[in-house]
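Each remark here refers to the structure printed beneath this line.
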Amino acid sequence: MINLNPPTRLAELFTPPPGTATLEPSDDGETLVLSRSSANSEAEALLLAKKKRIRQLKKQIELLQHKLLRAKVRLETVKGATSSSETGHAMARSSAQAQVMAYSTALSMAQSALFQAQSGTLT
């Protein structure tokens with residue numbers, strides 16, 4: 001009997017064999033990186049996943065550091081500004097302080113996650 005479902009057969013032809021290196025889009029979507037699409041073993045696949053997670057966390061930490069720096073600059077600007085309304089000035093200052101605290105907390109959590117991910121890779 002003739003198989004009338006060729007897509008299943010085509011999918012098998014286009015899957016790279018285990019251990020083959022392929023070009024895949026990176027996390028930023030702009031560049032291509034050379035990676036192993038399918039590892040030889042589950043341990044290698046797990047190690048590749050951990051390394052990818054570490055790269056993502058490092059990018060996230062860098063982004064949060066920039067955001068925290070901008071928030072601190074905003075807070076200093078608000079602190080130094082004069083306002084005709086004391087209530088408005090207090091609200092702006094409170095908002096800027098809350099933003100600094102939020103970014104600081106997020107950065108701390110991302111750094112903790114990175115530490116855990118790195119210590120899990122070493123074992």
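Labels for the structure tokens follow display order: chains A, B, ..., residues from 1 in each chain, ligands from 1.
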### Task
Considering only C-alpha atoms, return as an NGL selection string whatever protein or nucleic-acid residues lie within 8 Å of segment 58-74 of chain A, sequence-local ones (same chain, fewer than 6 positions apart) excluded.
:A and (96 or 99-100 or 103-104 or 106-107 or 110-111 or 114)
### Task
Enumerate, as a PyMOL selection string, the complete set of residues in segment 32-87 of chain A that a backbone-based DSSP assignment places in helix (DSSP H, G or I).
chain A and resi 42-80+86-87
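A straight line drawn from atom CA of Gly80 of chain A to atom CA of Arg93 of chain A is 9.9 Å long.
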